[in-house]
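Peer 1: I'd like to ask some things about the structure below.
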Number of protein chains: 2
Amino acid sequence: MNTHSRPVTLRMIADEVAVDTSTVSRILNSTDLDARRWGSVELIAKVRLVAAARGYRRNPQAASLRTRRSGLVGVLVPRLQDPVLATIYEGIEESATEQGVSTFVTNSMDDPETQATRTELMLARRVDGLIFGDARTDSPYLDDLAARGVTFVLVSRHAGNHIAVTCDDLLGGRLVANSLLASGRRKIAILSGQPYASTAQDRATGAIEACREAGVHIPERNVLAGGFDVAGGRKAMEELLACGERPDAIFATNDFAAIGAMGVLRDRGMRVPDDVAVVGYNDTPIAAELGIPLTTVRSPMHEMGRLGIDLLLRMLRGEPVESVRLPPELIIRGTSS
Amino acid sequence: MNTHSRPVTLRMIADEVAVDTSTVSRILNSTDLDARRWGSVELIAKVRLVAAARGYRRNPQAASLRTRRSGLVGVLVPRLQDPVLATIYEGIEESATEQGVSTFVTNSMDDPETQATRTELMLARRVDGLIFGDARTDSPYLDDLAARGVTFVLVSRHAGNHIAVTCDDLLGGRLVANSLLASGRRKIAILSGQPYASTAQDRATGAIEACREAGVHIPERNVLAGGFDVAGGRKAMEELLACGERPDAIFATNDFAAIGAMGVLRDRGMRVPDDVAVVGYNDTPIAAELGIPLTTVRSPMHEMGRLGIDLLLRMLRGEPVESVRLPPELIIRGTSS
DNA sequence: ATGCACTGCACAAACGTTTGTCGCAACCTA
DNA sequence: TAGGTTGCGACAAACGTTTGTGCAGTGCAT
């Protein structure tokens with residue numbers, strides 16, 4: 001009950017049981033059965049008892065100094081404020097704590113320089129490995145990192161042939177296009193997000209391919225780059241309309257971009273879905289609750305996070321791993337009926 | 001360029017400069033001027049040079065083993081998926097990295113038991129202090145923690161008289177109520193969120209007080225508890241309508257609850273804002289982009305995060321600190337015109 | 001000439017773990 | 001009975017820092 005008593009150490013409990021700290025360490029670090037190699041049954045019981053009674057918690061920094069493993073992993077995301085990445089991170093953090101490792105997360109703002117400095121900061125913290133949710137297809141940074149022997153996995157986006165956990169965005173795009181085509185839409189425009197993000201590009205590419213296979217051509221000028229947020233969708237949509245285009249369907253590769261686009265459509269008096277259908281991506285919780293519920297593609301964000309950290313930990317254990325691609329699911333709602 | 005060379009240590013650079021590690025440590029840990037106490041000008045320059053050339057990064061776990069300070073702070077939030085908390089955390093993390101400390105964040109799901117176990121996990125990681133974004137007014141847990149000598153600050157919500165950084169939610173509630181009253185609304189209902197969250201309660205209380213001062217009574221049955229998300233707002237709204245109430249204004253103490261409520265209103269054919277005005281809270285980025293732009297109260301989330309960690313670090317340095325209450329700002333938009 | 005304060009560094013002891021190695025019984029096998 | 005194995009545990013050396021103390025040499029005043 002002492003307000004500022006120093007933490008209990010191995011030494012204290014070793015003294016109390018009258019054995020060496022090494023013995024206590026071994027006993028506390030192995031399972032009941034395995035511990036029999038290191039002490040008699042009574043000793044094991046007594047050590048465990050005293051440790052629990054004194055409230056022993058091993059000092060992680062002392063341990064990692066010795067073991068050269070920190071039990072820490074760094075996570076980089078473009079922006080945690082983005083609910084998509086926040087959800088992925090929740091999955092990462094959840095599985096990480098279950099497995100006894102801790103995670104640092106930080107924003108890179110999708111800026112290559114920030115990404116590099118933040119990564120170095122993580123490495124300076126002696127993380128065992130990294131998870132990138134902000135991989136760029138246009139940067140060799142990850143290749144350099146791999147060459148340096150740093151262990152990492154990618155989530156959400158893929159790049160190069162680094163280990164990655166992604167949603168099958170190519171398929172997601174195809175699902176959207178096929179659905180729009182089936183409902184008679186022909187003049188499809190795509191708000192495709194950042195050009196360096198594989199998510200955006202794959203979704204757009206999938207849609208374009210599906211259209212082409214159905215004999216529908218999507219002209220270049222109808223594929224707009226923009227951000228993955230409301231403002232980005234708004235901007236891209238304005239740009240599109242400014243060119244004089246009058247599409248009958250909008251595929252935004254992100255729910256928030258879709259919301260931004262719908263804001264512009266409302267301002268211009270264009271009705272959804274009568275004049276123009278709108279489809280998003282990710283099935284964010286609000287998608288279903290909008291004035292007109294949003295048609296979207298559900299991607300397994302939470303699971304991607306869990307799988308990401310699981311893969312990383314397996315790599316750190318030296319096990320062989322392979323990239324994972326999870327299936328998307330089209331959810332048809334009011335904006336494309 | 002060695003793929004797996006071991007990190008550079010003090011020892012290595014000490015050997016190269018032919019001085020003791022202690023000297024190197026002192027030089028590297030002080031500013032140029034201050035370092036003069038520990039070595040000649042030439043030595044300081046040489047040490048700095050070699051350290052930079054070899055890419056020396058101090059080992060944080062070795063340092064904290066010695067100093068008994070980890071440079072780590074733990075952050076607990078109800079749910080990171082909630083953009084409000086995500087934004088607050090961004091503020092925390094931003095200022096923390098600027099000041100050279102690292103943060104762990106984890107979800108408590110607003111569950112007292114999870115909150116306690118996660119806190120213990122953080123303490124086992126030897127964090128120097130904690131930030132709680134999930135304080136409950138109905139739990140003595142934080143008092144116990146304070147009694148144990150743990151350093152922490154609260155953000156977003158306050159509880160007891162622990163140091164906290166909050167928005168003036170009482171005032172925020174009053175602003176909303178006065179605005180609704182000014183536009184002629186009289187039958188005001190409040191979706192007040194979790195009863196144990198000071199944010200929800202203060203916002204509701206502020207509104208109720210302002211109404212009473214204006215001679216308008218809000219009956220108990222028009223104040224509904226619910227979650228801070230879309231589903232919670234939807235549920236509370238359905239509950240309200242099920243009681244036969246027909247309010248002409250809804251004050252949801254959270255933007256997402258407001259969106260959920262508007263979903264229900266739409267289903268019932270009630271028009272916003274003609275039949276019923278809707279006001280949210282927090283001014284989330286989507287608020288401005290909804291089918292009908294949402295009237296809301298802007299709360300300084302990012303700044304609350306920054307101030308929270310700043311206060312904590314000051315406390316850890318032994319400086320005296322006081323709670324901070326930041327002003328809200330009413331943003332009137334389409335849902336209450 | 002003696003004392004004293006600086007300057008500029010070295011020495012060494014921690015901090016709390018983990019882990020390779022060794023010792024010493026008792027027990028089995030031949 | 002000799003030699004080998006097994007069970008139970010101690011010893012000690014790290015891991016990379018930080019920090020209290022010591023100690024020469026120099027300059028200055030006494």
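Ordering of the structure tokens sets the chain letters (A, B, ...); residue numbers start at 1 within each chain; ligands are numbered from 1 in the order shown.
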Using only C-alpha atoms (C1' of nucleotides), what does the table of chain C residues within 10 Å of chain A look like, with each row giving the shortest atom pair and its distance in Å to one decimal, sorted by chain and ascending number, as CSV?

Peer 2:
```
residue,atom,partner,partner_atom,distance
C:DC15,C1',A:Ala62,CA,7.8
C:DG16,C1',A:Ala62,CA,5.1
C:DT17,C1',A:Ala63,CA,4.6
C:DT18,C1',A:Arg66,CA,6.0
C:DT19,C1',A:Ser22,CA,8.4
```

Peer 1: With N, CA, C and O atoms (P, O5', C5', C4', C3', O3' and C1' of nucleotides) retained, export the selected residues as a PDB file, in the first residue's frame.

Peer 2:
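After the write, result.pdb holds the following:
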```pdb
ATOM      1  P    DC C  15      20.565  -1.665  -8.032  1.00  0.00           P
ATOM      2  O5'  DC C  15      19.477  -1.423  -9.160  1.00  0.00           O
ATOM      3  C5'  DC C  15      19.225  -0.137  -9.729  1.00  0.00           C
ATOM      4  C4'  DC C  15      18.703  -0.327 -11.120  1.00  0.00           C
ATOM      5  C3'  DC C  15      18.043  -1.692 -11.338  1.00  0.00           C
ATOM      6  O3'  DC C  15      16.651  -1.564 -11.097  1.00  0.00           O
ATOM      7  C1'  DC C  15      19.447  -1.024 -13.191  1.00  0.00           C
ATOM      8  P    DG C  16      15.955  -2.650 -10.109  1.00  0.00           P
ATOM      9  O5'  DG C  16      15.682  -3.871 -11.099  1.00  0.00           O
ATOM     10  C5'  DG C  16      14.802  -3.663 -12.185  1.00  0.00           C
ATOM     11  C4'  DG C  16      14.892  -4.837 -13.124  1.00  0.00           C
ATOM     12  C3'  DG C  16      14.605  -6.188 -12.473  1.00  0.00           C
ATOM     13  O3'  DG C  16      13.639  -6.838 -13.254  1.00  0.00           O
ATOM     14  C1'  DG C  16      16.615  -6.271 -13.676  1.00  0.00           C
ATOM     15  P    DT C  17      12.968  -8.200 -12.845  1.00  0.00           P
ATOM     16  O5'  DT C  17      13.151  -9.050 -14.150  1.00  0.00           O
ATOM     17  C5'  DT C  17      14.413  -9.520 -14.477  1.00  0.00           C
ATOM     18  C4'  DT C  17      14.590  -9.560 -15.952  1.00  0.00           C
ATOM     19  C3'  DT C  17      14.639 -10.996 -16.446  1.00  0.00           C
ATOM     20  O3'  DT C  17      13.750 -11.166 -17.532  1.00  0.00           O
ATOM     21  C1'  DT C  17      16.771  -9.882 -16.734  1.00  0.00           C
ATOM     22  P    DT C  18      13.459 -12.707 -17.944  1.00  0.00           P
ATOM     23  O5'  DT C  18      14.817 -13.154 -18.655  1.00  0.00           O
ATOM     24  C5'  DT C  18      15.073 -12.717 -19.969  1.00  0.00           C
ATOM     25  C4'  DT C  18      16.389 -13.271 -20.444  1.00  0.00           C
ATOM     26  C3'  DT C  18      16.409 -14.788 -20.691  1.00  0.00           C
ATOM     27  O3'  DT C  18      17.056 -14.964 -21.949  1.00  0.00           O
ATOM     28  C1'  DT C  18      18.197 -14.178 -19.276  1.00  0.00           C
ATOM     29  P    DT C  19      16.801 -16.285 -22.765  1.00  0.00           P
ATOM     30  O5'  DT C  19      18.182 -17.060 -22.594  1.00  0.00           O
ATOM     31  C5'  DT C  19      19.406 -16.356 -22.819  1.00  0.00           C
ATOM     32  C4'  DT C  19      20.579 -17.170 -22.338  1.00  0.00           C
ATOM     33  C3'  DT C  19      20.378 -18.694 -22.404  1.00  0.00           C
ATOM     34  O3'  DT C  19      21.603 -19.251 -22.832  1.00  0.00           O
ATOM     35  C1'  DT C  19      21.044 -18.087 -20.261  1.00  0.00           C
TER      36       DT C  19
END
```

Peer 1: Using DSSP on the backbone coordinates, identify the residues of range 1-81 of chain A assigned to helix (DSSP H, G or I); present them as a PyMOL selection string.

Peer 2: chain A and resi 10-17+21-28+32-35+41-54+60-67

Peer 1: Compute the set of chain D residues within 7 Å of chain A, using only C-alpha atoms (C1' of nucleotides), and express it as JSON, numbers by chain.

Peer 2: {"D": [8, 9, 10, 15]}

Peer 1: Would you save the residues from that selection as a compact mmCIF listing (two decimals), in the first residue's frame, using all heavy atoms?

Peer 2:
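Contents of out-v9.txt, freshly written:
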```txt
# COMPACT_ATOMS: atom_id res chain seq x y z
P DC D 8 13.48 -33.01 -9.97
OP1 DC D 8 12.63 -33.37 -8.84
OP2 DC D 8 12.87 -32.55 -11.24
O5' DC D 8 14.54 -31.92 -9.48
C5' DC D 8 15.08 -32.06 -8.17
C4' DC D 8 16.09 -30.98 -7.95
O4' DC D 8 17.16 -31.10 -8.90
C3' DC D 8 15.54 -29.55 -8.11
O3' DC D 8 15.77 -28.85 -6.92
C2' DC D 8 16.34 -28.98 -9.28
C1' DC D 8 17.62 -29.79 -9.19
N1 DC D 8 18.42 -29.87 -10.43
C2 DC D 8 19.79 -29.67 -10.36
O2 DC D 8 20.31 -29.46 -9.26
N3 DC D 8 20.53 -29.73 -11.50
C4 DC D 8 19.93 -29.97 -12.67
N4 DC D 8 20.69 -30.04 -13.74
C5 DC D 8 18.52 -30.18 -12.76
C6 DC D 8 17.81 -30.11 -11.63
P DG D 9 14.95 -27.49 -6.65
OP1 DG D 9 14.61 -27.38 -5.22
OP2 DG D 9 13.91 -27.38 -7.69
O5' DG D 9 16.10 -26.44 -6.97
C5' DG D 9 17.24 -26.48 -6.13
C4' DG D 9 18.43 -25.97 -6.86
O4' DG D 9 18.61 -26.56 -8.15
C3' DG D 9 18.44 -24.47 -7.16
O3' DG D 9 19.13 -23.82 -6.10
C2' DG D 9 19.18 -24.35 -8.47
C1' DG D 9 19.61 -25.79 -8.76
N9 DG D 9 19.68 -26.07 -10.18
C8 DG D 9 18.66 -26.28 -11.06
N7 DG D 9 19.07 -26.53 -12.27
C5 DG D 9 20.45 -26.47 -12.18
C6 DG D 9 21.44 -26.64 -13.17
O6 DG D 9 21.29 -26.89 -14.37
N1 DG D 9 22.72 -26.51 -12.65
C2 DG D 9 23.01 -26.24 -11.34
N2 DG D 9 24.29 -26.15 -11.01
N3 DG D 9 22.10 -26.08 -10.40
C4 DG D 9 20.85 -26.20 -10.88
P DA D 10 19.24 -22.26 -6.00
OP1 DA D 10 18.88 -21.91 -4.62
OP2 DA D 10 18.56 -21.63 -7.15
O5' DA D 10 20.81 -22.07 -6.19
C5' DA D 10 21.71 -22.86 -5.43
C4' DA D 10 23.13 -22.67 -5.92
O4' DA D 10 23.25 -23.21 -7.26
C3' DA D 10 23.58 -21.20 -6.01
O3' DA D 10 24.94 -21.11 -5.62
C2' DA D 10 23.39 -20.87 -7.49
C1' DA D 10 23.66 -22.20 -8.16
N9 DA D 10 22.88 -22.39 -9.39
C8 DA D 10 21.53 -22.45 -9.49
N7 DA D 10 21.10 -22.66 -10.71
C5 DA D 10 22.25 -22.74 -11.47
C6 DA D 10 22.47 -22.96 -12.85
N6 DA D 10 21.49 -23.13 -13.73
N1 DA D 10 23.75 -22.99 -13.28
C2 DA D 10 24.73 -22.82 -12.37
N3 DA D 10 24.64 -22.62 -11.06
C4 DA D 10 23.37 -22.60 -10.67
P DC D 15 27.64 -8.01 -24.10
OP1 DC D 15 28.29 -8.52 -25.32
OP2 DC D 15 28.31 -7.00 -23.27
O5' DC D 15 26.22 -7.43 -24.48
C5' DC D 15 25.09 -8.24 -24.66
C4' DC D 15 23.86 -7.46 -24.28
O4' DC D 15 23.54 -7.75 -22.91
C3' DC D 15 24.08 -5.95 -24.31
O3' DC D 15 23.71 -5.47 -25.58
C2' DC D 15 23.18 -5.43 -23.19
C1' DC D 15 22.82 -6.67 -22.37
N1 DC D 15 23.17 -6.59 -20.91
C2 DC D 15 22.22 -6.99 -19.97
O2 DC D 15 21.12 -7.38 -20.36
N3 DC D 15 22.54 -6.93 -18.65
C4 DC D 15 23.75 -6.50 -18.28
N4 DC D 15 24.01 -6.46 -16.98
C5 DC D 15 24.73 -6.09 -19.23
C6 DC D 15 24.39 -6.16 -20.53
```

Peer 1: Please identify every residue of chain A that has at least one atom no farther than 8 Å from an atom of chain B, counting only C-alpha atoms, and for each give the shortest atom pair and the distance in Å to one decimal, arranged by chain then increasing number, as JSON lines.

Peer 2:
```
{"residue": "A:Met1", "atom": "CA", "partner": "B:Arg148", "partner_atom": "CA", "distance": 7.2}
{"residue": "A:Asn2", "atom": "CA", "partner": "B:Arg148", "partner_atom": "CA", "distance": 7.5}
{"residue": "A:Thr3", "atom": "CA", "partner": "B:Arg148", "partner_atom": "CA", "distance": 5.0}
{"residue": "A:His4", "atom": "CA", "partner": "B:Gly149", "partner_atom": "CA", "distance": 6.3}
{"residue": "A:Arg57", "atom": "CA", "partner": "B:Ala124", "partner_atom": "CA", "distance": 6.0}
{"residue": "A:Arg58", "atom": "CA", "partner": "B:Ala124", "partner_atom": "CA", "distance": 7.4}
{"residue": "A:Asn59", "atom": "CA", "partner": "B:Arg125", "partner_atom": "CA", "distance": 7.3}
{"residue": "A:Pro60", "atom": "CA", "partner": "B:Arg125", "partner_atom": "CA", "distance": 6.2}
{"residue": "A:Gln61", "atom": "CA", "partner": "B:Gln61", "partner_atom": "CA", "distance": 4.6}
{"residue": "A:Ala62", "atom": "CA", "partner": "B:Leu65", "partner_atom": "CA", "distance": 5.9}
{"residue": "A:Ser64", "atom": "CA", "partner": "B:Gln61", "partner_atom": "CA", "distance": 7.1}
{"residue": "A:Leu65", "atom": "CA", "partner": "B:Ala62", "partner_atom": "CA", "distance": 5.9}
{"residue": "A:Leu80", "atom": "CA", "partner": "B:Ala86", "partner_atom": "CA", "distance": 6.2}
{"residue": "A:Gln81", "atom": "CA", "partner": "B:Ala86", "partner_atom": "CA", "distance": 5.3}
{"residue": "A:Asp82", "atom": "CA", "partner": "B:Pro83", "partner_atom": "CA", "distance": 7.3}
{"residue": "A:Pro83", "atom": "CA", "partner": "B:Gln81", "partner_atom": "CA", "distance": 5.6}
{"residue": "A:Ala86", "atom": "CA", "partner": "B:Gln81", "partner_atom": "CA", "distance": 5.3}
{"residue": "A:Thr87", "atom": "CA", "partner": "B:Gln81", "partner_atom": "CA", "distance": 5.6}
{"residue": "A:Glu90", "atom": "CA", "partner": "B:Leu80", "partner_atom": "CA", "distance": 7.1}
{"residue": "A:Glu93", "atom": "CA", "partner": "B:Thr106", "partner_atom": "CA", "distance": 7.2}
{"residue": "A:Ser102", "atom": "CA", "partner": "B:Phe104", "partner_atom": "CA", "distance": 7.5}
{"residue": "A:Thr103", "atom": "CA", "partner": "B:Phe104", "partner_atom": "CA", "distance": 6.5}
{"residue": "A:Phe104", "atom": "CA", "partner": "B:Phe104", "partner_atom": "CA", "distance": 5.6}
{"residue": "A:Val105", "atom": "CA", "partner": "B:Phe104", "partner_atom": "CA", "distance": 7.6}
{"residue": "A:Thr106", "atom": "CA", "partner": "B:Glu93", "partner_atom": "CA", "distance": 7.2}
{"residue": "A:Asn107", "atom": "CA", "partner": "B:Glu90", "partner_atom": "CA", "distance": 7.9}
{"residue": "A:Ala124", "atom": "CA", "partner": "B:Arg57", "partner_atom": "CA", "distance": 6.0}
{"residue": "A:Arg125", "atom": "CA", "partner": "B:Pro60", "partner_atom": "CA", "distance": 6.2}
{"residue": "A:Arg126", "atom": "CA", "partner": "B:Asn59", "partner_atom": "CA", "distance": 7.3}
{"residue": "A:Ala147", "atom": "CA", "partner": "B:Thr3", "partner_atom": "CA", "distance": 6.8}
{"residue": "A:Arg148", "atom": "CA", "partner": "B:Thr3", "partner_atom": "CA", "distance": 5.0}
{"residue": "A:Gly149", "atom": "CA", "partner": "B:Thr3", "partner_atom": "CA", "distance": 5.2}
{"residue": "A:Val230", "atom": "CA", "partner": "B:Ile286", "partner_atom": "CA", "distance": 6.6}
{"residue": "A:Phe256", "atom": "CA", "partner": "B:Ile286", "partner_atom": "CA", "distance": 7.8}
{"residue": "A:Ile259", "atom": "CA", "partner": "B:Glu289", "partner_atom": "CA", "distance": 6.7}
{"residue": "A:Gly260", "atom": "CA", "partner": "B:Glu289", "partner_atom": "CA", "distance": 6.0}
{"residue": "A:Met262", "atom": "CA", "partner": "B:Gly291", "partner_atom": "CA", "distance": 7.4}
{"residue": "A:Gly263", "atom": "CA", "partner": "B:Glu289", "partner_atom": "CA", "distance": 5.4}
{"residue": "A:Arg266", "atom": "CA", "partner": "B:Gly291", "partner_atom": "CA", "distance": 7.1}
{"residue": "A:Pro285", "atom": "CA", "partner": "B:Val230", "partner_atom": "CA", "distance": 7.3}
{"residue": "A:Ile286", "atom": "CA", "partner": "B:Val230", "partner_atom": "CA", "distance": 6.6}
{"residue": "A:Glu289", "atom": "CA", "partner": "B:Gly263", "partner_atom": "CA", "distance": 5.4}
{"residue": "A:Leu290", "atom": "CA", "partner": "B:Gly263", "partner_atom": "CA", "distance": 6.5}
{"residue": "A:Gly291", "atom": "CA", "partner": "B:Gly291", "partner_atom": "CA", "distance": 5.9}
```

Peer 1: Please provide the set of residues having any atom within 12 Å of DG20 in chain C, restricted to only C-alpha atoms (C1' of nucleotides), with same-chain residues fewer than 2 positions apart removed, written as a ChimeraX atom specification.

Peer 2: /A:22 /C:18,22 /D:11-14

Peer 1: Where does DSSP see strand (DSSP E) in range 60-271 of chain A, if you list the residues as JSON, numbers by chain?

Peer 2: {"A": [72, 73, 74, 75, 76, 77, 102, 103, 104, 105, 106, 107, 129, 130, 131, 132, 152, 153, 154, 155, 156, 164, 165, 166, 167, 188, 189, 190, 191, 223, 224, 249, 250, 251, 252]}

Peer 1: Just write the chosen residues, N, CA and C atoms, as a compact mmCIF listing (two decimals), in the first residue's frame.

Peer 2:
```
# COMPACT_ATOMS: atom_id res chain seq x y z
N LEU A 72 7.96 -5.09 -29.10
CA LEU A 72 7.30 -3.87 -29.59
C LEU A 72 7.19 -3.94 -31.10
N VAL A 73 6.06 -3.54 -31.63
CA VAL A 73 6.01 -3.37 -33.08
C VAL A 73 5.46 -1.98 -33.40
N GLY A 74 5.98 -1.40 -34.45
CA GLY A 74 5.55 -0.08 -34.88
C GLY A 74 4.52 -0.20 -35.99
N VAL A 75 3.53 0.67 -35.97
CA VAL A 75 2.51 0.66 -37.01
C VAL A 75 2.42 2.05 -37.63
N LEU A 76 2.53 2.11 -38.94
CA LEU A 76 2.38 3.39 -39.63
C LEU A 76 1.11 3.38 -40.45
N VAL A 77 0.31 4.40 -40.29
CA VAL A 77 -0.90 4.54 -41.08
C VAL A 77 -0.91 5.94 -41.68
N SER A 102 3.32 -5.21 -27.66
CA SER A 102 2.72 -3.87 -27.65
C SER A 102 2.98 -3.17 -28.97
N THR A 103 2.07 -2.27 -29.32
CA THR A 103 2.21 -1.58 -30.61
C THR A 103 2.21 -0.06 -30.44
N PHE A 104 3.08 0.58 -31.20
CA PHE A 104 3.05 2.03 -31.36
C PHE A 104 2.40 2.33 -32.69
N VAL A 105 1.52 3.30 -32.73
CA VAL A 105 0.97 3.70 -34.03
C VAL A 105 1.26 5.17 -34.25
N THR A 106 1.48 5.52 -35.50
CA THR A 106 1.73 6.93 -35.82
C THR A 106 1.24 7.24 -37.22
N ASN A 107 0.95 8.51 -37.46
CA ASN A 107 0.47 8.95 -38.77
C ASN A 107 1.62 9.31 -39.69
N GLY A 129 9.58 -5.26 -35.24
CA GLY A 129 9.10 -5.28 -36.60
C GLY A 129 8.12 -4.15 -36.83
N LEU A 130 7.67 -4.02 -38.07
CA LEU A 130 6.80 -2.91 -38.43
C LEU A 130 5.62 -3.36 -39.27
N ILE A 131 4.54 -2.62 -39.17
CA ILE A 131 3.41 -2.83 -40.05
C ILE A 131 3.10 -1.53 -40.76
N PHE A 132 3.06 -1.58 -42.08
CA PHE A 132 2.77 -0.38 -42.84
C PHE A 132 1.36 -0.43 -43.43
N PHE A 152 8.95 -6.54 -41.79
CA PHE A 152 7.69 -5.79 -41.80
C PHE A 152 6.64 -6.47 -42.67
N VAL A 153 5.39 -6.12 -42.44
CA VAL A 153 4.34 -6.56 -43.35
C VAL A 153 3.48 -5.34 -43.71
N LEU A 154 2.81 -5.46 -44.84
CA LEU A 154 1.93 -4.40 -45.33
C LEU A 154 0.49 -4.79 -45.04
N VAL A 155 -0.33 -3.83 -44.70
CA VAL A 155 -1.76 -4.11 -44.60
C VAL A 155 -2.52 -3.10 -45.45
N SER A 156 -3.67 -3.53 -45.89
CA SER A 156 -4.58 -2.70 -46.70
C SER A 156 -4.03 -2.49 -48.11
N ALA A 164 2.03 -8.95 -47.68
CA ALA A 164 0.93 -8.00 -47.45
C ALA A 164 -0.38 -8.72 -47.17
N VAL A 165 -1.20 -8.08 -46.38
CA VAL A 165 -2.56 -8.56 -46.15
C VAL A 165 -3.50 -7.53 -46.75
N THR A 166 -4.19 -7.93 -47.78
CA THR A 166 -5.05 -6.97 -48.48
C THR A 166 -6.44 -7.54 -48.70
N CYS A 167 -7.31 -6.66 -49.14
CA CYS A 167 -8.62 -7.10 -49.62
C CYS A 167 -8.46 -7.25 -51.13
N ILE A 188 -20.17 5.63 -66.63
CA ILE A 188 -19.62 5.47 -65.29
C ILE A 188 -18.36 6.30 -65.09
N ALA A 189 -18.31 7.03 -63.97
CA ALA A 189 -17.09 7.78 -63.63
C ALA A 189 -16.52 7.19 -62.34
N ILE A 190 -15.22 7.28 -62.22
CA ILE A 190 -14.56 6.70 -61.05
C ILE A 190 -13.74 7.76 -60.31
N LEU A 191 -14.02 7.91 -59.02
CA LEU A 191 -13.18 8.76 -58.18
C LEU A 191 -12.19 7.81 -57.52
N VAL A 223 -11.90 9.15 -65.02
CA VAL A 223 -11.23 8.53 -63.87
C VAL A 223 -10.42 9.61 -63.17
N LEU A 224 -10.90 10.01 -61.99
CA LEU A 224 -10.30 11.15 -61.29
C LEU A 224 -9.54 10.71 -60.05
N ALA A 249 -23.43 7.26 -63.24
CA ALA A 249 -22.99 6.48 -62.08
C ALA A 249 -21.60 6.93 -61.63
N ILE A 250 -21.43 6.98 -60.30
CA ILE A 250 -20.15 7.35 -59.72
C ILE A 250 -19.67 6.20 -58.85
N PHE A 251 -18.45 5.74 -59.11
CA PHE A 251 -17.84 4.76 -58.21
C PHE A 251 -16.71 5.47 -57.47
N ALA A 252 -16.95 5.72 -56.20
CA ALA A 252 -15.90 6.32 -55.38
C ALA A 252 -15.22 5.16 -54.66
```

Peer 1: Calculate how many Å separate CA of Arg212 in chain A from CA of Glu245 in chain A, rounding to one decimal.

Peer 2: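 Going from CA of Arg212 in chain A over to CA of Glu245 in chain A covers 19.5 Å.
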
Peer 1: Have a look at CA of Gly280 in chain A and CA of Thr253 in chain A and let me know their distance in Å, one decimal.

Peer 2: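 Value for the CA of Gly280 in chain A-CA of Thr253 in chain A distance: 5.7 Å.
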
Peer 1: Could you work out how far CA of Asp111 in chain A lies from CA of Asp134 in chain A, giving the answer in Å with one decimal?

Peer 2: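 These two atoms are separated by 9.1 Å.
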
Peer 1: DA26 in chain C: which residues within 12 Å, counting only C-alpha atoms (C1' of nucleotides), same-chain residues fewer than 2 positions away excluded, as number ranges by chain?

Peer 2: C: 24, 28; D: 5-8

Peer 1: Once you have the residues from the selection above, write them out as a PDB file, in the first residue's frame, restricted to C-alpha atoms (C1' of nucleotides).

Peer 2:
```pdb
ATOM      1  C1'  DC C  24      26.397 -32.188  -6.685  1.00  0.00           C
ATOM      2  C1'  DC C  28      20.230 -46.647 -12.827  1.00  0.00           C
TER       3       DC C  28
ATOM      4  C1'  DT D   5      22.598 -40.480 -16.517  1.00  0.00           C
ATOM      5  C1'  DT D   6      19.235 -37.557 -14.607  1.00  0.00           C
ATOM      6  C1'  DG D   7      17.188 -34.130 -11.439  1.00  0.00           C
ATOM      7  C1'  DC D   8      17.616 -29.795  -9.191  1.00  0.00           C
TER       8       DC D   8
END
```

Peer 1: Which residues are close to DC6 in chain C, i.e. within 12 Å by only C-alpha atoms (C1' of nucleotides), leaving aside same-chain residues fewer than 6 positions away? Reply as a list in words.

Peer 2: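 Using only C-alpha atoms (C1' of nucleotides), the neighbours found are Arg37 of chain B; DG25, DT26, DG27 and DC28 of chain D.
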